[in-house]
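One structure below.
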Amino acid sequence: MDRVALVLVILGALSWACIGIFGFDIVAWAFHGQGAVMSRIVYTIFGLAGVWCISLLFRERESRHAEDRA
């Protein structure tokens, strides 16, 4: 699940990069507008993946502390 979330976050970041650099929203283009149901689903999935990846920051720190103790 961690890798899937990380891949989705990377795709979301690339999507934002396209918006920032070129002014082109790939998701909106692919699904016929930002308000389209599929676009909103994709945006939500990217957002949820980002929330999931927040936990990676804390789990990585905890696993390093566990290795230091061993």
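By order of appearance in the structure tokens: chains A, B, ..., then residues from 1 within every chain, and ligands from 1 in the order shown.
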Long-range neighbours of stretch 10-13 of chain A as a ChimeraX atom specification, 9 Å cut-off, only C-alpha atoms, 6 positions minimum in chain = /A:43,46-47,50
Run DSSP on the backbone and grab whatever in chain A lands in helix (DSSP H, G or I); send it over as a ChimeraX atom specification.
-> /A:2-22,26-30,37-69
Near A:Cys53, within 8 Å and counting only C-alpha atoms, which residues show up once chain neighbours fewer than 5 positions away are dropped, as a VMD selection string?
-> chain A and resid 2 5 to 6 9
A:Trp29 surroundings by only C-alpha atoms, 12 Å radius, close-in-sequence under 6 positions cut, as a list in words | Ser15, Cys18, Ile19, Gly23, Gly35, Ala36, Met38 and Ser39 of chain A
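Here atom CA of A:Arg59 is placed at a distance of 13.5 Å from atom CA of A:Met1.
For the pair atom CA of A:Val51 and atom CA of A:Gly33, the separation is 24.2 Å.
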So how many Å separate atom CA of A:Val4 and atom CA of A:Gln34, to one decimal?
->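 So the two atoms, atom CA of A:Val4 and atom CA of A:Gln34, lie 23.5 Å apart.
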